file data_35.csv (CSV, C-alpha atoms)
chain,number,residue,atom,x,y,z
A,102,MET,CA,101.1,63.3,118.9
A,103,THR,CA,100.7,67.0,119.4
A,104,THR,CA,99.6,69.6,116.7
A,105,ARG,CA,100.9,72.6,118.7
A,106,GLN,CA,103.5,74.6,117.0
A,107,SER,CA,106.6,75.6,118.9
A,108,GLY,CA,106.9,79.0,117.2
A,109,ASN,CA,106.3,80.8,113.9
A,110,GLU,CA,109.4,79.4,112.3
A,111,ALA,CA,108.5,75.8,113.2
A,112,GLY,CA,105.0,76.4,112.0
A,113,ALA,CA,106.2,77.6,108.6
A,114,ARG,CA,108.5,74.6,108.2
A,115,ARG,CA,105.8,72.1,109.0
A,116,TRP,CA,103.3,74.0,106.8
A,117,SER,CA,105.6,73.9,103.8
A,118,ALA,CA,106.4,70.2,104.4
A,119,ALA,CA,102.8,69.1,104.6
A,120,LEU,CA,100.5,71.5,102.7
A,121,MET,CA,100.1,72.2,99.0
A,122,ASN,CA,101.8,75.4,97.9
A,123,ASN,CA,98.7,77.2,96.6
A,124,TYR,CA,98.9,79.9,99.3
A,125,GLY,CA,102.6,80.2,99.8
A,126,THR,CA,104.0,79.6,103.3
A,127,PRO,CA,102.4,81.8,106.0
A,128,ALA,CA,105.0,83.8,108.0
A,129,VAL,CA,102.8,83.6,111.1
A,130,THR,CA,101.1,80.7,112.9
A,131,LEU,CA,98.1,81.9,114.9
A,132,GLU,CA,97.2,80.0,118.0
A,133,ARG,CA,94.3,81.8,119.7
A,134,GLY,CA,92.0,84.8,119.5
A,135,ALA,CA,89.8,86.8,121.8
A,136,GLY,CA,87.6,89.7,120.6
A,137,SER,CA,89.4,91.7,118.0
A,138,HIS,CA,92.9,90.3,118.8
A,139,VAL,CA,94.8,87.2,117.9
A,140,TRP,CA,98.1,85.7,119.3
A,141,ASP,CA,100.7,83.9,117.3
A,142,ALA,CA,102.9,81.0,118.2
A,143,ASP,CA,105.7,83.3,119.5
A,144,GLY,CA,103.2,84.9,121.9
A,145,ARG,CA,102.8,88.2,119.9
A,146,ARG,CA,99.4,89.9,120.0
A,147,TYR,CA,97.8,91.5,116.9
A,148,LEU,CA,94.8,93.7,116.3
A,149,ASP,CA,93.0,91.7,113.6
A,150,LEU,CA,91.9,94.2,110.9
A,151,PHE,CA,92.0,91.3,108.4
A,152,GLY,CA,89.1,89.4,109.9
A,153,GLY,CA,89.9,86.1,108.3
A,154,ILE,CA,89.1,87.8,104.9
A,155,ALA,CA,86.0,89.6,106.3
A,156,VAL,CA,84.7,86.5,108.1
A,157,ASN,CA,85.1,87.0,111.8
A,158,VAL,CA,82.2,89.4,112.2
A,159,LEU,CA,82.1,88.9,116.0
A,160,GLY,CA,85.8,88.7,116.4
A,161,HIS,CA,87.3,85.6,118.0
A,162,ALA,CA,85.8,83.2,120.6
A,163,HIS,CA,82.6,85.3,121.0
A,164,PRO,CA,80.6,83.7,123.8
A,165,ALA,CA,77.4,83.7,121.7
A,166,ILE,CA,79.0,81.6,118.9
A,167,VAL,CA,80.9,79.3,121.4
A,168,ASP,CA,77.7,78.6,123.3
A,169,ALA,CA,75.5,78.0,120.2
A,170,VAL,CA,78.0,75.7,118.6
A,171,THR,CA,78.7,73.8,121.8
A,172,ARG,CA,75.1,73.2,122.5
A,173,GLN,CA,74.2,72.2,118.9
A,174,VAL,CA,77.1,69.8,118.4
A,175,GLY,CA,76.2,68.1,121.6
A,176,THR,CA,72.6,67.8,120.4
A,177,LEU,CA,72.6,67.1,116.7
A,178,GLY,CA,75.8,67.6,114.6
A,179,HIS,CA,74.9,66.6,111.0
A,180,THR,CA,72.0,65.1,109.2
A,181,SER,CA,72.4,65.8,105.4
A,182,ASN,CA,69.6,67.5,103.5
A,183,PHE,CA,67.4,64.3,103.5
A,184,PHE,CA,66.1,65.6,106.8
A,185,ALA,CA,65.0,69.0,108.1
A,186,THR,CA,66.5,70.5,111.2
A,187,GLY,CA,65.3,73.3,113.4
A,188,PRO,CA,68.4,75.5,113.0
A,189,ALA,CA,68.3,75.3,109.2
A,190,VAL,CA,64.7,76.2,109.0
A,191,GLU,CA,65.0,79.0,111.5
A,192,LEU,CA,68.1,80.4,109.7
A,193,ALA,CA,66.2,80.4,106.3
A,194,GLU,CA,63.2,82.1,107.9
A,195,THR,CA,65.5,84.7,109.5
A,196,LEU,CA,67.3,85.5,106.3
A,197,LEU,CA,64.0,85.9,104.4
A,198,ARG,CA,62.9,88.4,107.0
A,199,LEU,CA,66.2,90.3,107.0
A,200,THR,CA,66.4,90.5,103.2
A,201,GLY,CA,62.8,91.6,103.0
A,202,PHE,CA,62.0,88.8,100.6
A,203,GLY,CA,59.5,87.3,102.9
A,204,ASP,CA,57.3,84.5,101.6
A,205,GLN,CA,58.3,85.2,98.0
A,206,GLY,CA,61.9,84.1,98.7
A,207,ARG,CA,63.6,80.7,99.1
A,208,VAL,CA,67.0,79.9,100.6
A,209,LEU,CA,69.6,77.4,99.5
A,210,LEU,CA,72.1,76.8,102.3
A,211,CYS,CA,75.7,75.8,101.3
A,212,ASN,CA,79.2,75.9,102.7
A,213,SER,CA,80.9,79.0,101.2
A,214,GLY,CA,80.6,82.0,99.0
A,215,THR,CA,81.8,80.3,95.9
A,216,GLU,CA,79.2,77.5,96.4
A,217,ALA,CA,76.5,80.2,96.7
A,218,VAL,CA,77.7,81.7,93.4
A,219,GLU,CA,77.7,78.3,91.8
A,220,ALA,CA,74.0,77.9,92.7
A,221,ALA,CA,73.2,81.4,91.3
A,222,PHE,CA,75.0,80.4,88.1
A,223,LYS,CA,72.9,77.3,87.8
A,224,ILE,CA,69.7,79.3,88.5
A,225,ALA,CA,70.7,81.6,85.6
A,226,ARG,CA,71.3,78.6,83.3
A,227,ARG,CA,67.8,77.4,84.2
A,228,THR,CA,66.2,80.5,82.6
A,229,GLY,CA,67.1,78.8,79.2
A,230,ARG,CA,69.0,81.9,78.1
A,231,PRO,CA,72.7,81.4,77.1
A,232,ASN,CA,74.5,84.6,78.2
A,233,ILE,CA,75.6,86.0,81.6
A,234,ILE,CA,77.2,89.4,82.1
A,235,ALA,CA,79.7,90.0,84.9
A,236,THR,CA,82.2,92.9,85.5
A,237,ARG,CA,85.9,93.3,85.0
A,238,ASN,CA,88.1,92.9,88.1
A,239,SER,CA,85.2,91.3,89.9
A,240,PHE,CA,85.8,88.3,92.2
A,241,HIS,CA,83.1,85.7,92.7
A,242,GLY,CA,85.1,82.6,93.7
A,243,ARG,CA,87.5,80.0,92.5
A,244,THR,CA,85.3,77.0,91.6
A,245,MET,CA,84.8,76.7,87.8
A,246,GLY,CA,81.4,78.4,87.5
A,247,ALA,CA,82.3,81.2,89.9
A,248,LEU,CA,85.7,81.5,88.3
A,249,ALA,CA,84.0,82.0,84.9
A,250,LEU,CA,82.2,85.0,86.4
A,251,THR,CA,85.4,86.4,88.0
A,252,GLY,CA,86.7,89.2,85.9
A,253,GLN,CA,90.4,88.8,86.7
A,254,ALA,CA,92.5,87.3,84.0
A,255,SER,CA,95.3,86.1,86.3
A,256,LYS,CA,92.9,83.9,88.2
A,257,ARG,CA,90.9,82.7,85.1
A,258,THR,CA,93.6,82.0,82.5
A,259,PRO,CA,95.4,79.0,84.1
A,260,PHE,CA,92.1,77.1,84.2
A,261,GLU,CA,90.6,77.8,80.8
A,262,PRO,CA,88.4,76.7,79.1
A,263,LEU,CA,85.8,77.8,81.6
A,264,PRO,CA,82.0,77.5,81.3
A,265,ALA,CA,80.9,79.4,78.2
A,266,GLY,CA,78.5,82.3,77.8
A,267,VAL,CA,80.1,84.7,80.3
A,268,SER,CA,81.3,88.2,79.2
A,269,HIS,CA,82.7,91.0,81.3
A,270,VAL,CA,82.0,94.7,81.1
A,271,PRO,CA,83.6,97.6,83.0
A,272,PHE,CA,82.4,97.9,86.6
A,273,GLY,CA,80.3,101.0,87.3
A,274,ASP,CA,79.6,101.7,83.7
A,275,VAL,CA,75.8,101.9,83.1
A,276,GLU,CA,76.1,102.3,79.4
A,277,ALA,CA,78.3,99.2,79.1
A,278,ILE,CA,75.6,97.2,80.9
A,279,ARG,CA,72.9,98.7,78.7
A,280,ALA,CA,74.8,97.8,75.5
A,281,ALA,CA,75.6,94.2,76.7
A,282,VAL,CA,72.2,93.1,78.0
A,283,ASP,CA,69.6,91.8,75.5
A,284,ASP,CA,66.8,89.2,75.4
A,285,GLN,CA,69.4,86.4,75.4
A,286,THR,CA,70.9,87.6,78.7
A,287,ALA,CA,70.1,85.2,81.5
A,288,ALA,CA,71.6,87.3,84.3
A,289,VAL,CA,73.8,90.2,85.3
A,290,VAL,CA,76.1,89.3,88.3
A,291,LEU,CA,77.5,92.2,90.3
A,292,GLU,CA,79.2,92.9,93.6
A,293,PRO,CA,77.9,96.1,95.3
A,294,VAL,CA,81.5,96.9,96.2
A,295,GLN,CA,84.4,95.1,94.5
A,296,GLY,CA,86.3,94.0,97.6
A,297,GLU,CA,89.0,91.8,96.1
A,298,ALA,CA,89.7,94.5,93.4
A,299,GLY,CA,90.7,96.9,96.1
A,300,VAL,CA,87.4,98.0,97.7
A,301,VAL,CA,86.0,99.8,94.6
A,302,LEU,CA,82.6,101.5,94.9
A,303,PRO,CA,80.4,102.1,91.8
A,304,PRO,CA,78.9,105.5,91.1
A,305,GLU,CA,75.8,106.5,92.9
A,306,GLY,CA,72.7,105.0,91.2
A,307,TYR,CA,74.6,102.3,89.4
A,308,LEU,CA,72.8,99.3,91.0
A,309,ARG,CA,69.4,101.0,90.5
A,310,ALA,CA,70.2,101.5,86.8
A,311,VAL,CA,71.3,97.9,86.3
A,312,ARG,CA,68.1,96.8,88.1
A,313,GLU,CA,66.0,98.8,85.6
A,314,ILE,CA,68.0,97.4,82.6
A,315,THR,CA,67.7,93.8,83.6
A,316,ALA,CA,64.0,94.1,84.4
A,317,GLU,CA,63.4,95.7,81.0
A,318,HIS,CA,65.0,92.6,79.3
A,319,GLY,CA,63.7,89.9,81.6
A,320,ALA,CA,67.2,89.1,82.8
A,321,LEU,CA,68.0,88.2,86.4
A,322,LEU,CA,70.0,90.5,88.6
A,323,VAL,CA,72.3,88.5,90.9
A,324,ILE,CA,73.9,90.6,93.7
A,325,ASP,CA,77.0,88.9,95.1
A,326,GLU,CA,77.2,90.1,98.8
A,327,VAL,CA,79.5,87.3,99.9
A,328,GLN,CA,81.8,90.1,101.2
A,329,THR,CA,79.4,93.0,101.9
A,330,GLY,CA,76.4,91.1,103.4
A,331,VAL,CA,75.5,90.7,107.1
A,332,GLY,CA,76.3,94.1,108.2
A,333,ARG,CA,79.8,94.7,106.7
A,334,THR,CA,78.8,98.0,105.1
A,335,GLY,CA,76.5,99.2,108.0
A,336,SER,CA,73.2,97.7,106.7
A,337,TRP,CA,72.2,94.1,106.7
A,338,PHE,CA,72.8,94.0,103.0
A,339,ALA,CA,74.3,96.6,100.7
A,340,PHE,CA,71.5,96.3,98.1
A,341,GLN,CA,69.0,97.6,100.6
A,342,ARG,CA,70.7,101.0,100.7
A,343,GLU,CA,70.0,101.3,96.9
A,344,GLY,CA,66.3,100.6,97.3
A,345,ILE,CA,66.3,97.7,94.9
A,346,THR,CA,65.4,94.0,95.1
A,347,PRO,CA,67.6,91.6,93.2
A,348,ASP,CA,66.4,88.3,91.9
A,349,VAL,CA,69.2,86.3,93.5
A,350,LEU,CA,71.4,87.2,96.4
A,351,THR,CA,74.6,85.3,97.5
A,352,ILE,CA,76.1,85.6,101.0
A,353,ALA,CA,78.7,83.8,103.1
A,354,LYS,CA,81.8,85.1,104.9
A,355,GLN,CA,80.2,87.0,107.8
A,356,LEU,CA,77.2,84.7,108.0
A,357,GLY,CA,78.9,82.0,110.1
A,358,GLY,CA,81.2,84.2,112.2
A,359,GLY,CA,84.0,81.8,111.4
A,360,LEU,CA,82.1,78.6,110.6
A,361,PRO,CA,81.7,77.6,107.0
A,362,ILE,CA,78.3,78.5,105.7
A,363,GLY,CA,76.9,80.4,102.7
A,364,ALA,CA,73.5,81.0,101.2
A,365,CYS,CA,72.0,81.6,97.8
A,366,ILE,CA,68.6,83.4,98.2
A,367,ALA,CA,66.2,83.8,95.4
A,368,VAL,CA,63.0,85.7,95.2
A,369,GLY,CA,59.9,85.5,92.9
A,370,PRO,CA,60.0,83.2,89.9
A,371,SER,CA,63.8,82.7,90.2
A,372,ALA,CA,63.2,81.0,93.5
A,373,GLN,CA,61.4,78.2,91.7
A,374,LEU,CA,64.0,77.4,89.1
A,375,LEU,CA,65.9,74.7,91.1
A,376,THR,CA,63.8,71.7,91.5
A,377,PRO,CA,64.5,68.3,93.2
A,378,GLY,CA,67.6,66.6,91.7
A,379,LEU,CA,69.1,69.7,90.1
A,380,HIS,CA,71.4,70.8,92.9
A,381,GLY,CA,72.6,69.6,96.3
A,382,THR,CA,75.3,69.7,98.9
A,383,THR,CA,76.1,67.1,101.7
A,384,PHE,CA,77.2,69.6,104.3
A,385,GLY,CA,75.2,72.7,103.3
A,386,GLY,CA,72.8,73.7,106.1
A,387,ASN,CA,74.7,71.7,108.7
A,388,PRO,CA,72.9,72.4,112.0
A,389,VAL,CA,76.1,73.4,113.8
A,390,CYS,CA,76.9,76.0,111.2
A,391,CYS,CA,73.3,77.2,111.1
A,392,ALA,CA,73.3,77.6,114.9
A,393,ALA,CA,76.5,79.7,114.6
A,394,ALA,CA,74.8,81.8,111.9
A,395,LEU,CA,71.7,82.4,114.0
A,396,ALA,CA,74.0,83.4,116.9
A,397,VAL,CA,75.7,85.9,114.6
A,398,LEU,CA,72.5,87.4,113.3
A,399,ARG,CA,71.0,87.7,116.8
A,400,THR,CA,74.2,89.3,118.2
A,401,VAL,CA,74.5,91.8,115.4
A,402,ALA,CA,70.9,92.9,116.1
A,403,GLU,CA,71.0,92.8,119.9
A,404,GLU,CA,74.4,94.6,120.3
A,405,GLY,CA,73.6,97.3,117.7
A,406,LEU,CA,76.6,96.4,115.6
A,407,LEU,CA,75.2,98.0,112.4
A,408,ASP,CA,75.4,101.3,114.2
A,409,ASN,CA,78.9,100.4,115.4
A,410,VAL,CA,80.0,99.6,111.9
A,411,ASP,CA,78.9,103.0,110.7
A,412,ARG,CA,80.5,104.8,113.7
A,413,VAL,CA,83.8,103.0,113.8
A,414,GLY,CA,84.0,102.9,110.0
A,415,LYS,CA,83.9,106.7,110.0
A,416,VAL,CA,86.6,106.9,112.7
A,417,LEU,CA,88.9,104.8,110.5
A,418,THR,CA,88.1,106.6,107.3
A,419,ALA,CA,88.3,110.1,108.7
A,420,GLY,CA,91.4,109.3,110.7
A,421,ILE,CA,93.3,107.9,107.7
A,422,GLU,CA,92.1,110.8,105.5
A,423,SER,CA,93.5,113.3,108.0
A,424,LEU,CA,97.0,111.8,107.8
A,425,GLU,CA,99.4,113.7,105.6
A,426,HIS,CA,101.8,110.9,104.7
A,427,PRO,CA,103.5,110.9,101.3
A,428,LEU,CA,102.7,107.2,100.8
A,429,LEU,CA,99.0,107.6,101.2
A,430,ALA,CA,96.8,108.3,98.1
A,431,GLY,CA,93.4,108.2,99.8
A,432,VAL,CA,90.9,105.9,101.4
A,433,ARG,CA,87.6,104.5,100.2
A,434,GLY,CA,85.0,102.0,101.2
A,435,SER,CA,81.7,101.6,103.0
A,436,GLY,CA,81.2,100.8,106.7
A,437,LEU,CA,84.0,98.4,107.9
A,438,LEU,CA,85.1,97.4,104.4
A,439,ILE,CA,87.8,100.0,103.7
A,440,GLY,CA,90.5,100.3,101.1
A,441,VAL,CA,93.7,102.3,102.0
A,442,LEU,CA,95.2,103.6,98.7
A,443,LEU,CA,98.9,103.9,98.4
A,444,ASN,CA,101.0,106.0,95.9
A,445,ARG,CA,103.3,103.0,95.1
A,446,PRO,CA,102.8,99.3,94.7
A,447,VAL,CA,104.2,98.5,98.1
A,448,ALA,CA,101.1,97.1,99.9
A,449,PRO,CA,102.8,93.8,100.7
A,450,GLN,CA,105.6,95.7,102.4
A,451,VAL,CA,103.2,97.9,104.3
A,452,ALA,CA,101.3,94.8,105.5
A,453,GLU,CA,104.5,93.3,106.7
A,454,ALA,CA,105.4,96.5,108.6
A,455,ALA,CA,101.9,96.6,110.0
A,456,ARG,CA,102.3,93.0,111.3
A,457,ALA,CA,105.6,94.0,112.9
A,458,ALA,CA,103.7,96.8,114.6
A,459,GLY,CA,101.0,94.4,115.8
A,460,TYR,CA,98.3,94.8,113.1
A,461,LEU,CA,97.0,92.3,110.6
A,462,VAL,CA,95.9,93.9,107.3
A,463,ASN,CA,95.3,92.5,103.8
A,464,PRO,CA,97.3,93.8,100.7
A,465,THR,CA,94.5,92.9,98.3
A,466,GLN,CA,96.1,94.8,95.4
A,467,PRO,CA,99.7,96.0,94.9
A,468,ASP,CA,98.7,99.5,95.9
A,469,VAL,CA,95.7,98.9,98.1
A,470,LEU,CA,95.3,97.6,101.7
A,471,ARG,CA,91.9,96.1,102.6
A,472,LEU,CA,90.6,96.5,106.1
A,473,ALA,CA,87.8,94.2,107.1
A,474,PRO,CA,87.9,94.0,110.9
A,475,PRO,CA,85.4,92.4,113.2
A,476,LEU,CA,82.2,94.5,113.5
A,477,ILE,CA,82.8,94.7,117.2
A,478,LEU,CA,85.9,96.8,116.6
A,479,THR,CA,85.9,99.8,119.1
A,480,SER,CA,86.6,103.4,118.3
A,481,ASP,CA,89.6,103.2,120.6
A,482,GLU,CA,91.1,100.3,118.7
A,483,ALA,CA,90.5,102.1,115.4
A,484,GLU,CA,92.1,105.3,116.7
A,485,GLY,CA,95.1,103.3,117.9
A,486,PHE,CA,95.6,101.9,114.4
A,487,VAL,CA,95.4,105.4,112.9
A,488,ARG,CA,97.9,106.8,115.3
A,489,ASP,CA,100.4,104.0,114.5
A,490,LEU,CA,99.8,104.0,110.7
A,491,PRO,CA,102.3,106.8,109.8
A,492,ALA,CA,105.1,104.8,111.5
A,493,VAL,CA,104.0,101.7,109.7
A,494,LEU,CA,104.1,103.6,106.3
A,495,ASP,CA,107.5,105.0,107.2
A,496,ALA,CA,108.8,101.5,107.9
A,497,ALA,CA,107.6,100.4,104.4
A,498,THR,CA,109.1,103.4,102.6
A,499,PRO,CA,112.3,102.6,100.7
A,500,ALA,CA,115.4,104.1,102.2
A,501,ASP,CA,116.4,106.1,99.1
A,502,GLU,CA,112.9,107.7,99.0
A,503,LYS,CA,113.2,108.8,102.7
A,504,GLU,CA,116.6,110.4,101.9
A,505,SER,CA,115.3,112.2,98.9
A,506,GLY,CA,112.1,113.2,100.6
A,507,ASP,CA,110.1,111.8,97.7

call {"tool": "encode", "arguments": {"input": "data_35.csv", "output": "structure tokens"}}
result
Amino acid sequence: MTTRQSGNEAGARRWSAALMNNYGTPAVTLERGAGSHVWDADGRRYLDLFGGIAVNVLGHAHPAIVDAVTRQVGTLGHTSNFFATGPAVELAETLLRLTGFGDQGRVLLCNSGTEAVEAAFKIARRTGRPNIIATRNSFHGRTMGALALTGQASKRTPFEPLPAGVSHVPFGDVEAIRAAVDDQTAAVVLEPVQGEAGVVLPPEGYLRAVREITAEHGALLVIDEVQTGVGRTGSWFAFQREGITPDVLTIAKQLGGGLPIGACIAVGPSAQLLTPGLHGTTFGGNPVCCAAALAVLRTVAEEGLLDNVDRVGKVLTAGIESLEHPLLAGVRGSGLLIGVLLNRPVAPQVAEAARAAGYLVNPTQPDVLRLAPPLILTSDEAEGFVRDLPAVLDAATPADEKESGD
């Protein structure tokens, strides 16, 4: 029996006949990737500006990951957490060094971003305080604890009642945080950039102010860098640019370069709140995934990809800003996490037109496209997308608006 699709249409038919309909049926069946490009079942090539939702930090089939995973799976593939392994210990040590937490930090390895947030939620509960503050329009995951923190009603409502004690305040509003936090607050949970909400950045100084408020009341500050961590914004972690230290940090997505791994990293007293028997995961810290993560971290450092993120991110941002297209309302973001703002809620149509032109982008909001390409994206590739973007926007513009010149 073969699993190879004979084309995109056949792939869609087989998907809809065999998989649950929680994603809808994909129009494209991808078969292979190399660098920043992928190819579909009809043989078409795309520049991948979607990145597997900000995951494929080194692009596709990067030799460092292929080699690390191949060697590790041929040596020791899985052990559970009843046994230590070299890759898990080395990865934890590396993360403590890169975060700056050093010997005051401790790492819990898991399988995904939502699992990392679940661990942070349980750490917050272990303070003995009942309340947690999160922000409106935030996205922290889809498991029940992480969903309780997520500030989007459309994702929360179908699954209520959710774990109690969570309230949401406007993102970027220091005074709202100040009014909400008191001595019954266990934690404030924040994304440095709200990616799912459309790449929304808070005002300058916001994270520093929240750090001061939480410290004043003895509440934990949990920074969710599932989407922004591991170089996405041009530094190892976005919190480092603010000159603060959170109590708990959650990361995933970029960490494994395509393999499923996440981490909840705590520092100081919060690192001691989970004790034996309180939390666990069968696959978390799997040595194959840890080997992939170590390959990612080494490659990002050795190939100077943090500088590349800054350089190519500016090429994309400045290039899009320079376009005078009536459908464009602006561009925002940090590093290679970029939101392209549209004047109308036609992001799905623009994404479809982009795909037809050979680009994969993510319509994360009705009027926002999210770009989260591999960190290896070149300036030439970025400039090519900018050159083709006006034609993509034209193709997504309704015919009556073209005729009226609106």

call {"tool": "atom_distance", "arguments": {"input": "data_35.csv", "atom1": "atom CA of Leu322 of chain A", "atom2": "atom CA of Val290 of chain A"}}
result
6.2 Å

call {"tool": "closest_residue", "arguments": {"input": "data_35.csv", "among": "A:Val311, A:Leu424, A:Cys365, A:Val301", "to": "Lys223 of chain A", "atoms": "all atoms listed in the file"}}
result
A:Cys365

call {"tool": "closest_residue", "arguments": {"input": "data_35.csv", "among": "A:Thr228, A:Gln341, A:Gln328, A:Thr244", "to": "Ala473 of chain A", "atoms": "only C-alpha atoms"}}
result
A:Gln328

call {"tool": "atom_distance", "arguments": {"input": "data_35.csv", "atom1": "atom CA of Leu356 of chain A", "atom2": "atom CA of Ala287 of chain A"}}
result
27.4 Å

call {"tool": "closest_residue", "arguments": {"input": "data_35.csv", "among": "A:Leu494, A:Ala364, A:Ala448, A:Ala155", "to": "Leu197 of chain A", "atoms": "all atoms listed in the file"}}
result
A:Ala364

call {"tool": "closest_residue", "arguments": {"input": "data_35.csv", "among": "A:Leu470, A:Val218, A:Ile366, A:Cys211", "to": "Leu438 of chain A", "atoms": "all atoms listed in the file"}}
result
A:Leu470

call {"tool": "residues_near_point", "arguments": {"input": "data_35.csv", "point": "(76.1, 87.4, 86.4)", "cutoff": "10 Å", "atoms": "only C-alpha atoms", "output": "ChimeraX atom specification"}}
result
/A:218,221-222,225,232-236,241,247,249-251,267-269,286-292,320-325,349

call {"tool": "atom_distance", "arguments": {"input": "data_35.csv", "atom1": "atom CA of Ala367 of chain A", "atom2": "atom CA of Ala165 of chain A"}}
result
28.6 Å

call {"tool": "closest_residue", "arguments": {"input": "data_35.csv", "among": "A:Ala396, A:Ala128, A:Leu199, A:Val270", "to": "Val170 of chain A", "atoms": "all atoms listed in the file"}}
result
A:Ala396

call {"tool": "residues_around", "arguments": {"input": "data_35.csv", "residues": "Gly420 of chain A", "least_positions_apart": "3", "cutoff": "9 Å", "atoms": "only C-alpha atoms", "output": "PyMOL selection string"}}
result
chain A and resi 415-417+423-424+483-484+487-488

call {"tool": "residues_around", "arguments": {"input": "data_35.csv", "residues": "Trp337 of chain A", "least_positions_apart": "3", "cutoff": "8 Å", "atoms": "only C-alpha atoms", "output": "ChimeraX atom specification"}}
result
/A:199-200,330-334,341,407

call {"tool": "residues_around", "arguments": {"input": "data_35.csv", "residues": "Ala217 of chain A", "least_positions_apart": "5", "cutoff": "8 Å", "atoms": "all atoms listed in the file", "output": "list in words"}}
result
Leu209, Leu210, Cys211, Asn212, Thr351, Ile352, Ala353, Gly363, Ala364 and Cys365 of chain A

call {"tool": "residues_around", "arguments": {"input": "data_35.csv", "residues": "segment 450-455 of chain A", "least_positions_apart": "2", "cutoff": "10 Å", "atoms": "only C-alpha atoms", "output": "compact mmCIF listing (two decimals) with C-alpha atoms, keeping the file's coordinate frame"}}
result
# COMPACT_ATOMS: atom_id res chain seq x y z
CA ALA A 128 105.00 83.80 108.00
CA TYR A 147 97.80 91.50 116.90
CA LEU A 148 94.80 93.70 116.30
CA LEU A 428 102.70 107.20 100.80
CA LEU A 443 98.90 103.90 98.40
CA PRO A 446 102.80 99.30 94.70
CA VAL A 447 104.20 98.50 98.10
CA ALA A 448 101.10 97.10 99.90
CA ALA A 457 105.60 94.00 112.90
CA ALA A 458 103.70 96.80 114.60
CA GLY A 459 101.00 94.40 115.80
CA TYR A 460 98.30 94.80 113.10
CA LEU A 461 97.00 92.30 110.60
CA VAL A 462 95.90 93.90 107.30
CA ASN A 463 95.30 92.50 103.80
CA PRO A 464 97.30 93.80 100.70
CA PRO A 467 99.70 96.00 94.90
CA ASP A 468 98.70 99.50 95.90
CA VAL A 469 95.70 98.90 98.10
CA LEU A 470 95.30 97.60 101.70
CA ARG A 471 91.90 96.10 102.60
CA PHE A 486 95.60 101.90 114.40
CA ASP A 489 100.40 104.00 114.50
CA LEU A 490 99.80 104.00 110.70
CA ALA A 492 105.10 104.80 111.50
CA VAL A 493 104.00 101.70 109.70
CA LEU A 494 104.10 103.60 106.30
CA ASP A 495 107.50 105.00 107.20
CA ALA A 496 108.80 101.50 107.90
CA ALA A 497 107.60 100.40 104.40
CA THR A 498 109.10 103.40 102.60
CA PRO A 499 112.30 102.60 100.70
